[in-house]
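Participant: Okay, here's the structure, questions in a sec.
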Amino acid sequence: MSEHFSIEELLGLTDEDVKMSEKQKKVVEAAIEIFADKGFAAASTSEIAKKAGVAEGTIFRHYQTKKDLLFAIVKPTITKFAAPFLVKNFIGEIAKQKHEDPEQLMRFILENRFEFVRKNQPVVKILLQEVFFHEEFRGEIRKVIETHAIEKLRELIVFFQEKGEMVEMPPETVLRMIVTSIMGFLFARFILLPDLDWDDEAEKEYTIQFLLHGLMKK
């Protein structure tokens with residue numbers, strides 16, 4: 001299952017919420033493009049307003065500061081992407097699949113999140129660029145991970161360890177190795193070196209094989 005969020009979905013709006021005006025949508029869309037291209041620090045609200053075709057004052061009617069606008073974009077992305085990888089829905093998808101072995105599980109995680117990042121690249125890029133500079137974002141990620149991800153993924157790892165299919169390491173260590181390997185590949189592919197001549201299928205296979213040889217029990 002892969003997702004591509006509309007602006008309303010991205011900002012967490014429901015049918016009960018006040019709908020965004022067309023001007024507000026344009027502001028958010030312009031901010032996503034400029035933050036992804038230049039980074040938060042180098043972007044200006046005047047530049048965002050110009051790209052959106054609105055007066056700069058329009059931005060401040062909805063967001064008191066440039067950082068509020070950034071947070072409005074990034075916080076929902078954390079909820080949908082981190083923990084790791086779209087926890088609330090993603091964990092449900094993992095459970096539904098009833099993975100029979102670690103290889104099947106890791107292939108599902110990699111393929112699913114590859115498509116998610118590919119389709120939502122600008123917003124994910126903003127998150128990955130800015131999380132290092134804003135403690136608020138790191139706090140949100142920790143909260144989502146602790147609430148939704150760690151225990152459920154730990155249970156899966158313990159399940160495979162008890163079947164004798166994964167190495168006997170602390171489950172948290174195994175989880176960290178899986179997440180950092182897959183995230184490292186996605187970060188290089190879409191954020192750090194997107195213009196390289198990537199062979200996506202080969203690189204995905206290399207990542208899976210690296211994990212399997214390191215984590216599967218001989």
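Naming scheme: A, B, ... for chains in displayed order of the structure tokens; residues 1 onward per chain; ligands 1 onward as shown.
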Compile the contact shell of Met106 of chain A as a ChimeraX atom specification: residues with an atom at most 7 Å away, counting only C-alpha atoms, same-chain residues fewer than 4 positions apart removed.
Facilitator: /A:102,110,208
Participant: Could the residues of segment 91-187 of chain A that have an atom at most 10 Å from segment 209-213 of chain A be listed as CSV, each with its closest atom pair and the distance in Å to one decimal, counting only C-alpha atoms and ordered by chain and ascending residue number?
Facilitator:
residue,atom,partner,partner_atom,distance
A:Pro102,CA,A:Leu212,CA,8.0
A:Glu103,CA,A:Leu212,CA,6.7
A:Met106,CA,A:Leu211,CA,8.3
A:Met166,CA,A:Leu212,CA,8.9
A:Val174,CA,A:Leu211,CA,9.7
A:Met177,CA,A:Leu211,CA,7.9
A:Ile178,CA,A:Leu211,CA,6.8
A:Ser181,CA,A:Leu211,CA,7.6
A:Ile182,CA,A:Leu211,CA,9.1
Participant: Which one is closest to Ile73 of chain A: A:Ala42, A:Ile126, A:Val54, A:Leu192? Count only C-alpha atoms.
Facilitator: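 The shortest atom-to-atom distance to Ile73 of chain A comes from A:Ile126.
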Participant: Kindly indicate which residue among A:Asp197, A:Ile191, A:Lys67, A:Gly39 lies nearest to Lys125 of chain A, using only C-alpha atoms for the distances.
Facilitator: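 Counting only C-alpha atoms, the residue closest to Lys125 of chain A is A:Ile191.
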Participant: Taking the chain letters and numbering used in this document, name the residues of segment 110-178 of chain A that DSSP puts in helix (DSSP H, G or I), as a VMD selection string.
Facilitator: chain A and resid 110 to 119 121 to 130 135 to 162 171 to 178
Participant: Could you tell me which of A:Phe114, A:Phe137, A:Phe160, A:Phe71 comes closest to Phe185 of chain A if we count only C-alpha atoms?
Facilitator: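 For Phe185 of chain A, the nearest of the candidates is A:Phe114.
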Participant: Do you know which residues are at most 10 Å from Lys51 of chain A counting only C-alpha atoms, after dropping those on the same chain fewer than 4 positions away, and could you put them as a PyMOL selection string?
Facilitator: chain A and resi 26-27+29-31+33-34+45-47
